[in-house]
file data_38.cif (mmCIF, C-alpha atoms)
data_data
loop_
_atom_site.label_atom_id
_atom_site.label_comp_id
_atom_site.auth_asym_id
_atom_site.auth_seq_id
_atom_site.Cartn_x
_atom_site.Cartn_y
_atom_site.Cartn_z
CA MET W 849 4.73 34.52 25.65
CA LYS W 850 3.19 34.91 22.28
CA SER W 851 0.26 37.06 21.47
CA VAL W 852 -1.56 38.32 18.46
CA LYS W 853 -2.12 41.84 17.37
CA ARG W 854 -5.79 42.58 17.19
CA THR W 855 -7.28 45.93 16.41
CA LEU W 856 -11.01 45.65 16.65
CA GLY W 857 -13.52 48.33 15.91
CA LEU W 858 -15.57 46.76 18.63
CA LEU W 859 -13.05 47.92 21.17
CA SER W 860 -13.37 51.54 20.23
CA LYS W 861 -17.12 51.20 20.41
CA LEU W 862 -16.65 50.00 23.93
CA SER W 863 -14.38 52.94 24.64
CA LEU W 864 -11.63 50.57 25.52
CA ALA W 865 -8.35 51.79 24.17
CA ALA W 866 -7.12 48.33 24.35
CA THR W 867 -5.33 45.62 22.60
CA ALA W 868 -7.18 42.40 22.31
CA LEU W 869 -5.12 39.44 23.30
CA LEU W 870 -6.21 36.08 22.15
CA LEU W 871 -6.82 33.38 24.64
CA GLY W 872 -4.45 30.53 24.33
CA GLN W 873 -1.47 32.78 23.87
CA GLN W 874 0.93 30.07 24.82
CA ALA W 875 3.44 29.15 22.20
CA LEU W 876 1.45 26.40 20.60
CA ALA W 877 3.37 24.52 18.01
CA ALA W 878 1.73 22.83 15.09
CA GLY W 879 -2.02 22.43 15.60
CA THR W 880 -4.95 22.03 13.28
CA ASP W 881 -4.05 22.79 9.68
CA PRO W 882 -5.19 26.04 8.09
CA GLY W 883 -8.23 25.55 5.91
CA THR W 884 -9.71 22.84 8.09
CA ASP W 885 -13.49 23.17 8.35
CA VAL W 886 -14.68 22.57 11.89
CA ASP W 887 -18.31 21.59 11.62
CA ASN W 888 -20.69 21.30 14.52
CA THR W 889 -24.21 19.93 14.56
CA ALA W 890 -26.29 19.97 17.71
CA THR W 891 -29.31 17.69 17.74
CA VAL W 892 -32.40 18.19 19.85
CA SER W 893 -34.65 15.23 20.63
CA TYR W 894 -37.95 15.46 22.48
CA THR W 895 -41.40 14.01 22.88
CA VAL W 896 -44.87 15.45 22.70
CA ASN W 897 -47.51 13.59 24.63
CA THR W 898 -44.98 10.75 25.03
CA ILE W 899 -44.68 10.45 21.26
CA PRO W 900 -41.06 10.79 20.05
CA GLN W 901 -40.65 13.55 17.51
CA THR W 902 -38.17 13.88 14.68
CA ASP W 903 -34.82 15.08 15.95
CA ILE W 904 -34.01 18.65 15.04
CA PRO W 905 -30.45 19.37 13.93
CA ALA W 906 -28.79 22.79 13.97
CA SER W 907 -25.39 23.28 12.39
CA VAL W 908 -22.64 25.86 12.38
CA SER W 909 -19.02 25.79 11.25
CA PHE W 910 -15.85 27.82 11.03
CA GLU W 911 -12.63 27.49 9.10
CA VAL W 912 -9.24 27.34 10.75
CA ASP W 913 -6.99 30.23 9.78
CA ARG W 914 -3.23 30.35 9.43
CA ARG W 915 -1.46 31.21 12.66
CA VAL W 916 1.83 32.73 11.52
CA ASP W 917 4.42 32.13 14.20
CA PHE W 918 8.09 31.24 14.12
CA THR W 919 11.35 31.75 15.98
CA VAL W 920 14.96 32.33 15.05
CA THR W 921 17.77 31.25 17.35
CA ARG W 922 21.52 31.88 17.26
CA MET W 923 23.66 28.85 17.83
CA GLY W 924 27.02 30.36 18.85
CA GLY W 925 27.98 31.13 22.41
CA ALA W 926 30.33 34.03 21.87
CA LEU W 927 31.48 36.51 19.27
CA THR W 928 33.21 34.82 16.35
CA PRO W 929 36.81 35.95 15.68
CA ILE W 930 37.62 37.08 12.13
CA GLY W 931 40.86 38.32 10.60
CA LEU W 932 41.13 41.31 8.29
CA ASP W 933 41.94 39.13 5.31
CA GLU W 934 39.83 36.14 6.25
CA SER W 935 37.24 34.74 3.83
CA ASP W 936 34.01 32.88 4.50
CA ALA W 937 33.87 33.16 8.27
CA PHE W 938 30.37 32.32 9.50
CA ILE W 939 27.82 32.46 12.28
CA ASP W 940 24.99 29.94 12.69
CA PHE W 941 21.27 30.12 13.42
CA TYR W 942 18.22 27.97 13.10
CA VAL W 943 14.64 28.88 12.21
CA THR W 944 11.66 27.02 13.73
CA ASN W 945 8.16 27.07 12.27
CA THR W 946 5.74 27.18 15.21
CA SER W 947 2.69 28.02 13.10
CA ASN W 948 -0.05 25.56 12.22
CA GLY W 949 0.98 24.91 8.64
CA VAL W 950 3.81 24.73 6.16
CA LEU W 951 5.53 28.07 5.58
CA ASP W 952 8.30 29.51 3.45
CA PHE W 953 10.65 32.13 4.85
CA ASN W 954 12.58 35.03 3.33
CA LEU W 955 15.95 35.64 4.99
CA ALA W 956 18.33 38.58 5.16
CA GLY W 957 21.66 39.20 6.86
CA VAL W 958 21.60 42.83 7.94
CA GLN W 959 24.57 44.81 9.28
CA LEU W 960 23.90 46.59 12.55
CA ALA W 961 24.77 50.24 13.00
CA ASP W 962 27.66 51.43 15.10
CA GLY W 963 26.55 51.59 18.73
CA THR W 964 23.85 48.90 18.51
CA ALA W 965 23.85 46.66 21.57
CA ILE W 966 23.89 42.96 20.79
CA TYR W 967 23.13 39.79 22.66
CA THR W 968 26.19 39.63 24.91
CA GLY W 969 25.88 43.17 26.12
CA ASP W 970 28.60 44.03 23.66
CA THR W 971 28.05 46.80 21.18
CA ASP W 972 28.78 47.13 17.50
CA THR W 973 31.85 49.33 17.36
CA THR W 974 32.40 49.43 13.62
CA VAL W 975 31.37 52.14 11.24
CA PRO W 976 30.29 50.94 7.77
CA ALA W 977 33.81 51.13 6.37
CA GLU W 978 34.96 48.78 9.11
CA ASP W 979 32.13 46.21 8.89
CA VAL W 980 32.61 42.68 7.66
CA VAL W 981 31.88 42.46 3.95
CA ASN W 982 30.38 40.09 1.39
CA VAL W 983 27.47 39.00 3.60
CA ARG W 984 25.80 35.83 2.28
CA VAL W 985 22.94 33.80 3.78
CA ARG W 986 22.76 30.07 3.15
CA VAL W 987 20.16 27.47 4.10
CA SER W 988 20.91 23.89 5.09
CA SER W 989 20.19 21.21 2.52
CA ALA W 990 17.89 19.37 4.95
CA ASP W 991 15.62 20.08 7.90
CA ASP W 992 16.85 19.33 11.39
CA ALA W 993 16.02 15.79 12.35
CA GLY W 994 14.04 16.25 15.53
CA THR W 995 16.60 18.31 17.41
CA PRO W 996 16.76 21.99 16.42
CA GLY W 997 20.15 22.92 15.03
CA SER W 998 21.12 19.33 14.27
CA GLY W 999 20.87 19.42 10.48
CA PRO W 1000 23.67 19.52 7.89
CA ASP W 1001 26.00 22.52 7.84
CA PRO W 1002 24.70 25.16 5.42
CA LEU W 1003 27.34 25.35 2.70
CA LEU W 1004 28.17 28.10 0.25
CA GLY W 1005 26.70 25.98 -2.51
CA ASP W 1006 23.35 25.60 -0.75
CA ASP W 1007 20.21 27.65 -1.36
CA ALA W 1008 20.48 31.32 -0.53
CA ASP W 1009 18.16 33.63 1.36
CA TYR W 1010 15.06 31.42 1.22
CA ILE W 1011 13.58 28.51 3.18
CA ASP W 1012 11.19 26.50 1.06
CA ASP W 1013 8.38 24.51 2.71
CA LEU W 1014 9.30 24.24 6.36
CA ALA W 1015 6.66 22.07 8.04
CA GLU W 1016 5.07 23.05 11.34
CA ASP W 1017 7.18 22.23 14.37
CA GLU W 1018 10.27 21.72 12.17
CA SER W 1019 13.56 23.61 12.29
CA ILE W 1020 16.28 24.23 9.72
CA ARG W 1021 19.77 25.66 10.00
CA VAL W 1022 20.81 28.96 8.45
CA ARG W 1023 24.34 30.35 8.17
CA ILE W 1024 25.63 33.83 7.49
CA TYR W 1025 28.98 33.86 5.69
CA VAL W 1026 31.15 36.99 5.63
CA ASP W 1027 34.61 38.14 4.71
CA GLY W 1028 36.84 40.17 7.02
CA PRO W 1029 36.78 43.97 6.83
CA LEU W 1030 39.45 45.73 4.85
CA ALA W 1031 40.70 47.75 7.76
CA THR W 1032 39.70 48.24 11.35
CA ALA W 1033 41.25 48.12 14.75
CA ASN W 1034 41.83 44.96 16.71
CA GLY W 1035 38.93 44.06 19.02
CA GLU W 1036 36.29 45.98 17.15
CA ILE W 1037 32.88 44.26 16.90
CA SER W 1038 30.94 43.92 13.65
CA ALA W 1039 27.40 42.68 14.37
CA LEU W 1040 24.61 41.43 12.12
CA ASN W 1041 20.96 40.46 12.38
CA LEU W 1042 19.47 37.43 10.73
CA GLU W 1043 16.03 38.74 9.75
CA VAL W 1044 13.31 36.20 9.01
CA ARG W 1045 9.88 36.80 7.49
CA ALA W 1046 7.23 34.17 6.74
CA ALA W 1047 6.43 33.93 3.05
CA ASP W 1048 3.71 32.49 0.85
CA PRO W 1049 4.24 28.73 1.02
CA THR W 1050 3.50 28.37 -2.67
CA GLY W 1051 6.84 30.04 -3.41
CA THR W 1052 10.01 28.23 -4.41
CA VAL W 1053 13.72 28.94 -4.18
CA ALA W 1054 13.64 29.95 -7.84
CA ALA W 1055 10.52 32.08 -7.36
CA PRO W 1056 10.36 33.09 -3.70
CA GLY W 1057 6.97 33.74 -2.17
CA ALA W 1058 6.03 37.21 -1.05
CA ASN W 1059 6.15 38.04 2.63
CA LEU W 1060 2.83 37.18 4.23
CA LEU W 1061 0.58 40.03 5.23
CA GLU W 1062 -1.99 39.94 7.99
CA THR W 1063 -5.37 39.70 6.32
CA PRO W 1064 -7.05 43.11 6.68
CA GLY W 1065 -10.66 44.04 7.08
CA PRO W 1066 -13.62 42.09 8.39
CA ASP W 1067 -13.19 38.39 8.84
CA ASP W 1068 -14.29 36.15 6.03
CA PRO W 1069 -15.21 32.76 7.48
CA ALA W 1070 -14.85 31.19 4.05
CA LEU W 1071 -11.21 32.20 3.60
CA VAL W 1072 -7.98 31.03 5.19
CA GLU W 1073 -6.65 34.23 6.67
CA ASN W 1074 -3.30 35.08 8.18
CA VAL W 1075 -3.18 35.85 11.89
CA PHE W 1076 0.24 37.00 13.05
CA ALA W 1077 1.36 35.64 16.37
CA ASP W 1078 5.05 36.44 16.13
CA ASP W 1079 7.12 38.85 18.16
CA GLY W 1080 4.95 39.68 21.14
CA LEU W 1081 2.40 42.39 20.63
CA THR W 1082 3.73 43.78 17.41
CA GLY W 1083 2.86 40.79 15.24
CA ASP W 1084 4.77 42.19 12.32
CA ASN W 1085 5.88 38.99 10.59
CA LEU W 1086 9.49 39.75 11.49
CA GLU W 1087 11.73 37.83 13.81
CA PHE W 1088 15.45 38.49 14.11
CA VAL W 1089 18.40 37.70 16.30
CA GLU W 1090 21.79 39.34 16.59
CA ASP W 1091 25.23 37.82 16.38
CA GLY W 1092 28.61 39.27 15.56
CA PHE W 1093 32.29 39.05 14.77
CA ILE W 1094 35.20 40.38 16.75
CA ILE W 1095 38.05 41.64 14.63
CA ASN W 1096 41.48 40.07 15.02
CA ALA W 1097 43.74 42.69 13.42
CA ALA W 1098 47.54 42.48 13.41
CA GLN W 1099 49.07 44.57 16.21
CA LEU W 1100 52.43 46.32 15.68
CA VAL W 1101 54.04 46.93 19.09
CA VAL W 1102 56.92 49.40 19.19
CA THR W 1103 59.19 49.42 22.25
CA LYS W 1104 61.89 52.05 22.70
CA ILE W 1105 65.03 50.95 24.59
CA VAL W 1106 67.82 53.38 25.48
CA THR W 1107 71.17 52.31 26.81
CA VAL W 1108 73.83 54.70 28.23
CA ILE W 1109 77.17 53.96 26.65
CA SER W 1110 79.12 56.60 28.60
CA ASP W 1111 78.58 59.84 30.40
CA PRO W 1112 80.90 62.65 31.62
CA PHE W 1113 80.40 61.76 35.25
CA GLY W 1114 80.52 57.99 35.09
CA SER W 1115 77.03 57.88 36.55
CA GLY W 1116 75.62 55.55 33.92
CA LYS W 1117 72.69 57.91 33.59
CA ALA W 1118 71.36 59.82 30.59
CA VAL W 1119 72.75 63.17 31.71
CA PRO W 1120 73.76 66.00 29.33
CA GLY W 1121 76.89 64.96 27.42
CA ALA W 1122 76.15 61.21 27.81
CA VAL W 1123 76.40 58.88 24.81
CA LEU W 1124 73.26 56.90 24.28
CA GLU W 1125 72.48 53.87 22.12
CA MET Z 1227 -48.96 2.11 -14.49
CA SER Z 1228 -45.55 0.72 -15.29
CA GLU Z 1229 -43.26 -0.60 -12.57
CA ASN Z 1230 -40.87 2.28 -13.18
CA ILE Z 1231 -43.56 4.90 -12.67
CA ARG Z 1232 -44.87 3.08 -9.63
CA VAL Z 1233 -41.43 3.26 -7.99
CA LYS Z 1234 -41.20 6.97 -8.69
CA VAL Z 1235 -44.63 7.64 -7.18
CA ILE Z 1236 -43.75 5.70 -4.05
CA ALA Z 1237 -40.50 7.64 -3.77
CA ALA Z 1238 -42.35 10.92 -4.12
CA ILE Z 1239 -44.86 9.95 -1.46
CA SER Z 1240 -42.03 8.92 0.83
CA ALA Z 1241 -40.33 12.28 0.31
CA LEU Z 1242 -43.56 14.09 1.16
CA ILE Z 1243 -43.90 12.08 4.32
CA ALA Z 1244 -40.33 12.92 5.29
CA LEU Z 1245 -40.90 16.59 4.59
CA SER Z 1246 -44.11 16.66 6.55
CA GLY Z 1247 -42.31 14.99 9.44
CA ASN Z 1248 -39.73 17.75 9.49
CA ALA Z 1249 -42.38 20.36 9.13
CA TYR Z 1250 -44.28 18.85 12.03
CA ALA Z 1251 -41.13 18.83 14.11
CA GLN Z 1252 -40.35 22.40 13.23
CA GLN Z 1253 -43.78 23.38 14.52
CA HIS Z 1254 -42.75 22.40 18.02
CA LEU Z 1255 -39.18 23.55 18.51
CA ASP Z 1256 -37.06 26.18 16.87
CA VAL Z 1257 -33.35 25.40 17.34
CA GLN Z 1258 -30.42 27.63 16.49
CA THR Z 1259 -26.69 27.24 17.12
CA THR Z 1260 -23.87 29.76 16.93
CA VAL Z 1261 -20.12 29.68 17.39
CA GLN Z 1262 -18.10 32.54 18.84
CA LYS Z 1263 -14.52 33.07 19.88
CA GLN Z 1264 -13.31 34.14 23.29
CA ILE Z 1265 -10.84 36.98 23.44
CA VAL Z 1266 -9.26 38.73 26.38
CA VAL Z 1267 -9.25 42.48 26.13
CA GLU Z 1268 -6.68 44.50 28.01
CA ASN Z 1269 -7.95 47.85 29.15
CA GLU Z 1270 -5.96 51.03 29.55
CA ASP Z 1271 -5.66 50.46 33.27
CA GLY Z 1272 -4.11 47.06 32.72
CA SER Z 1273 -7.17 45.10 33.76
CA THR Z 1274 -8.50 42.43 31.45
CA GLU Z 1275 -11.92 41.16 30.51
CA THR Z 1276 -13.20 38.29 28.41
CA GLN Z 1277 -15.39 38.97 25.41
CA LEU Z 1278 -17.08 36.90 22.75
CA VAL Z 1279 -16.68 37.88 19.12
CA PRO Z 1280 -17.73 36.14 15.89
CA ALA Z 1281 -15.62 33.06 15.24
CA GLY Z 1282 -13.79 34.43 12.27
CA ASN Z 1283 -10.04 34.26 12.59
CA VAL Z 1284 -9.73 31.12 14.66
CA VAL Z 1285 -6.29 29.61 15.05
CA PRO Z 1286 -4.94 26.79 17.23
CA GLY Z 1287 -4.86 27.62 20.91
CA GLU Z 1288 -7.95 29.80 20.80
CA THR Z 1289 -11.22 29.06 22.57
CA VAL Z 1290 -14.54 28.89 20.79
CA VAL Z 1291 -17.96 28.88 22.42
CA TYR Z 1292 -20.92 27.03 20.93
CA THR Z 1293 -24.35 28.17 21.97
CA ILE Z 1294 -27.55 26.27 21.23
CA THR Z 1295 -30.81 28.10 21.74
CA PHE Z 1296 -34.21 26.48 21.51
CA GLU Z 1297 -37.80 27.60 21.83
CA ASN Z 1298 -41.08 25.76 21.89
CA VAL Z 1299 -42.95 27.39 19.03
CA GLY Z 1300 -45.62 24.69 18.97
CA ASP Z 1301 -48.95 24.51 20.69
CA GLU Z 1302 -48.11 21.68 23.06
CA ALA Z 1303 -45.49 21.23 25.74
CA ALA Z 1304 -42.37 19.25 24.83
CA ASP Z 1305 -41.01 16.61 27.20
CA ASN Z 1306 -37.74 14.75 27.49
CA VAL Z 1307 -35.83 17.50 25.72
CA VAL Z 1308 -32.26 16.40 25.17
CA ILE Z 1309 -29.63 18.42 23.31
CA THR Z 1310 -26.70 16.39 22.06
CA ASN Z 1311 -23.58 17.99 20.63
CA PRO Z 1312 -20.54 16.11 19.35
CA ILE Z 1313 -17.15 17.61 20.17
CA SER Z 1314 -14.94 17.78 17.10
CA ASP Z 1315 -11.69 15.80 17.06
CA VAL Z 1316 -9.77 19.07 16.77
CA LEU Z 1317 -11.41 20.60 19.85
CA THR Z 1318 -10.84 19.98 23.54
CA TYR Z 1319 -13.68 20.67 25.90
CA VAL Z 1320 -13.08 23.37 28.54
CA PRO Z 1321 -13.88 21.91 31.98
CA GLY Z 1322 -17.05 23.25 33.51
CA SER Z 1323 -18.05 25.29 30.48
CA ALA Z 1324 -21.24 23.29 29.78
CA SER Z 1325 -22.69 23.84 33.23
CA ASN Z 1326 -26.36 24.64 33.19
CA SER Z 1327 -28.61 25.42 36.10
CA SER Z 1328 -31.74 23.92 34.60
CA MET Z 1329 -30.38 20.89 32.77
CA ARG Z 1330 -28.31 17.88 33.70
CA VAL Z 1331 -25.03 17.84 31.80
CA GLU Z 1332 -23.61 14.52 30.66
CA PHE Z 1333 -20.65 13.52 28.56
CA SER Z 1334 -19.64 10.65 26.36
CA ALA Z 1335 -16.15 9.34 25.80
CA ASP Z 1336 -17.13 6.56 23.40
CA GLY Z 1337 -18.50 8.38 20.40
CA GLY Z 1338 -21.93 8.97 21.87
CA GLN Z 1339 -22.80 5.35 22.67
CA THR Z 1340 -23.01 5.96 26.42
CA PHE Z 1341 -23.31 9.09 28.51
CA GLY Z 1342 -22.62 9.90 32.13
CA LEU Z 1343 -21.84 12.67 34.56
CA ALA Z 1344 -18.31 14.02 34.31
CA SER Z 1345 -17.48 12.65 37.73
CA GLU Z 1346 -18.63 9.16 36.77
CA LEU Z 1347 -17.28 8.84 33.27
CA THR Z 1348 -14.52 6.32 32.71
CA ILE Z 1349 -12.75 4.89 29.70
CA VAL Z 1350 -10.90 1.67 29.17
CA ASN Z 1351 -7.50 2.08 27.58
CA GLU Z 1352 -5.44 -1.02 26.81
CA GLY Z 1353 -7.51 -2.98 29.25
CA ILE Z 1354 -7.12 -0.48 32.08
CA GLU Z 1355 -10.11 1.55 33.23
CA ARG Z 1356 -9.47 5.14 34.26
CA PRO Z 1357 -11.49 8.32 34.76
CA ALA Z 1358 -12.15 10.11 31.49
CA THR Z 1359 -10.47 13.48 31.04
CA THR Z 1360 -11.85 16.39 29.10
CA SER Z 1361 -9.65 15.49 26.16
CA ASP Z 1362 -11.46 12.12 26.03
CA TYR Z 1363 -14.89 13.68 25.65
CA THR Z 1364 -16.53 13.05 22.28
CA HIS Z 1365 -19.98 14.41 23.06
CA VAL Z 1366 -21.75 16.65 25.52
CA ARG Z 1367 -25.47 16.58 26.11
CA TRP Z 1368 -27.95 18.46 28.20
CA VAL Z 1369 -30.99 16.69 29.61
CA MET Z 1370 -33.87 18.98 30.50
CA GLN Z 1371 -35.40 18.05 33.84
CA THR Z 1372 -38.77 19.65 33.24
CA GLU Z 1373 -41.11 19.97 30.32
CA LEU Z 1374 -40.64 22.82 27.90
CA GLU Z 1375 -43.85 24.71 27.98
CA VAL Z 1376 -45.36 26.40 24.97
CA GLY Z 1377 -43.31 29.54 24.39
CA GLY Z 1378 -40.60 28.27 26.70
CA LYS Z 1379 -36.97 28.94 25.77
CA GLY Z 1380 -33.64 27.53 26.77
CA THR Z 1381 -29.95 27.86 26.10
CA ALA Z 1382 -27.04 25.46 26.35
CA SER Z 1383 -23.43 26.27 25.63
CA PHE Z 1384 -19.93 24.95 26.00
CA ALA Z 1385 -16.41 26.12 25.26
CA ALA Z 1386 -13.59 24.23 23.61
CA VAL Z 1387 -10.01 24.94 22.65
CA LEU Z 1388 -8.91 24.48 19.05
CA GLU Z 1389 -5.98 22.10 19.02
#

call {"tool": "encode", "arguments": {"input": "data_38.cif", "output": "structure tokens"}}
result
Amino acid sequence: MKSVKRTLGLLSKLSLAATALLLGQQALAAGTDPGTDVDNTATVSYTVNTIPQTDIPASVSFEVDRRVDFTVTRMGGALTPIGLDESDAFIDFYVTNTSNGVLDFNLAGVQLADGTAIYTGDTDTTVPAEDVVNVRVRVSSADDAGTPGSGPDPLLGDDADYIDDLAEDESIRVRIYVDGPLATANGEISALNLEVRAADPTGTVAAPGANLLETPGPDDPALVENVFADDGLTGDNLEFVEDGFIINAAQLVVTKIVTVISDPFGSGKAVPGAVLE
Amino acid sequence: MSENIRVKVIAAISALIALSGNAYAQQHLDVQTTVQKQIVVENEDGSTETQLVPAGNVVPGETVVYTITFENVGDEAADNVVITNPISDVLTYVPGSASNSSMRVEFSADGGQTFGLASELTIVNEGIERPATTSDYTHVRWVMQTELEVGGKGTASFAAVLE
């Protein structure tokens, strides 16, 4: 369920400590483009003494604003194993633009703190010195063709940290590359978030757009304004999803074996005076 | 008087006639229309209520309400008052929202060429006739069943979802 944060002075006037929820909160993909003028003209016809009079028109219009909404989805089904000396291990995601217009997106791979619960019910068990290192975010060279997550693998040579011009209802793959930690125990979990924020669609990879802000103050019917519909009630232009790596460290197993060579009593046991190997 | 001047004079007279026609019409009925947006407000106790606010930040999925108000400001009663309102291509009519106790409500699904009651409206699609759905509606109109007396007022409204 999606909803939009609304803080209206009207509500306080009505003594309703409330949050206004927009009708039509269903996740509505695509839709009428921002900036579209929706004009309406009602016409009244009538007669006076059976004589038809000139129709009277009455017009009103509004402009469609930008509904900022998007999702981020992890593609893996389990924690991804990584060795201590392994390079360029990765976890995969895709980002879907469910707003009503083209958007850019700023991306970040963010390490989670020790003790943070992640998607499987597992918990990050690494302190910073034990986290995976060299975190890099890459974006697929092409949008997904119809099926989310179906686009080309994001490669290390692809664009980093920024999705340029993702059309409404379209998805694109994103990959986080990492290297193994320098030292940590086997079985430890190093988790990350892929954080996604919608950005000004006039930006480019070379000159990324700024993160969009919800348009403050009274509505201006003549402007295309941003209305955040992401992330439930908070509407903070931030969506993220967790994923993680499980550390495969080398395990040195030491087993002590003692054999009785001889003993004073011929018991074959490790009694005082026995010779052991 | 040259031909050129004669044409201009005729045009000016025509414009005056058109203006006077509007002015005459305006003497009978005053018509206004507004658009608002429906929101649902959640109260502290968890209950909800619907409110109308100015149609400012309107985004797909939201519901807008058009209201047409009219008043006979002339000195004679008006008959056969009909209010016709097209429904934009990017809007879908909300069923039942145009109901009016004093006017018959009709719809068109063919761009305003023909009108009928919602229960009677059909469309022909690829040679097959079927009942029209609200997403087929292109126009809504209200037909006043009585004369609008001098000083009489009326209101018609409908709601639609922005696609």

call {"tool": "resolve_selection", "arguments": {"input": "data_38.cif", "expression": "the PyMOL selection byres ((chain Z) within 6 of (chain W))", "output": "VMD selection string"}}
result
chain Z and resid 1251 1258 to 1259 1265 to 1270 1282 to 1288 1304 to 1311 1389

call {"tool": "write_last_selection", "arguments": {"input": "data_38.cif", "atoms": "C-alpha atoms", "output": "CSV table (one decimal), in the frame of the given file"}}
result
chain,number,residue,atom,x,y,z
Z,1251,ALA,CA,-41.1,18.8,14.1
Z,1258,GLN,CA,-30.4,27.6,16.5
Z,1259,THR,CA,-26.7,27.2,17.1
Z,1265,ILE,CA,-10.8,37.0,23.4
Z,1266,VAL,CA,-9.3,38.7,26.4
Z,1267,VAL,CA,-9.2,42.5,26.1
Z,1268,GLU,CA,-6.7,44.5,28.0
Z,1269,ASN,CA,-8.0,47.8,29.2
Z,1270,GLU,CA,-6.0,51.0,29.6
Z,1282,GLY,CA,-13.8,34.4,12.3
Z,1283,ASN,CA,-10.0,34.3,12.6
Z,1284,VAL,CA,-9.7,31.1,14.7
Z,1285,VAL,CA,-6.3,29.6,15.0
Z,1286,PRO,CA,-4.9,26.8,17.2
Z,1287,GLY,CA,-4.9,27.6,20.9
Z,1288,GLU,CA,-8.0,29.8,20.8
Z,1304,ALA,CA,-42.4,19.2,24.8
Z,1305,ASP,CA,-41.0,16.6,27.2
Z,1306,ASN,CA,-37.7,14.8,27.5
Z,1307,VAL,CA,-35.8,17.5,25.7
Z,1308,VAL,CA,-32.3,16.4,25.2
Z,1309,ILE,CA,-29.6,18.4,23.3
Z,1310,THR,CA,-26.7,16.4,22.1
Z,1311,ASN,CA,-23.6,18.0,20.6
Z,1389,GLU,CA,-6.0,22.1,19.0

call {"tool": "atom_distance", "arguments": {"input": "data_38.cif", "atom1": "atom CA of Asp1007 of chain W", "atom2": "atom CA of Val950 of chain W"}}
result
18.3 Å

call {"tool": "closest_residue", "arguments": {"input": "data_38.cif", "among": "W:Ala1031, W:Met923, W:Val983, W:Leu1004", "to": "Ile939 of chain W", "atoms": "all atoms listed in the file"}}
result
W:Met923

call {"tool": "resolve_selection", "arguments": {"input": "data_38.cif", "expression": "the PyMOL selection byres ((chain Z and resi 1329) around 8)", "output": "list of chain:residue names"}}
result
Z:Asn1326, Z:Ser1327, Z:Ser1328, Z:Arg1330, Z:Val1331, Z:Trp1368, Z:Val1369, Z:Met1370, Z:Gln1371

call {"tool": "resolve_selection", "arguments": {"input": "data_38.cif", "expression": "the PyMOL selection byres ((chain Z and resi 1379) around 12)", "output": "list of chain:residue names"}}
result
Z:His1254, Z:Leu1255, Z:Asp1256, Z:Val1257, Z:Gln1258, Z:Ile1294, Z:Thr1295, Z:Phe1296, Z:Glu1297, Z:Asn1298, Z:Val1299, Z:Gly1300, Z:Ala1303, Z:Ala1304, Z:Val1307, Z:Ser1328, Z:Met1370, Z:Glu1373, Z:Leu1374, Z:Glu1375, Z:Val1376, Z:Gly1377, Z:Gly1378, Z:Gly1380, Z:Thr1381, Z:Ala1382
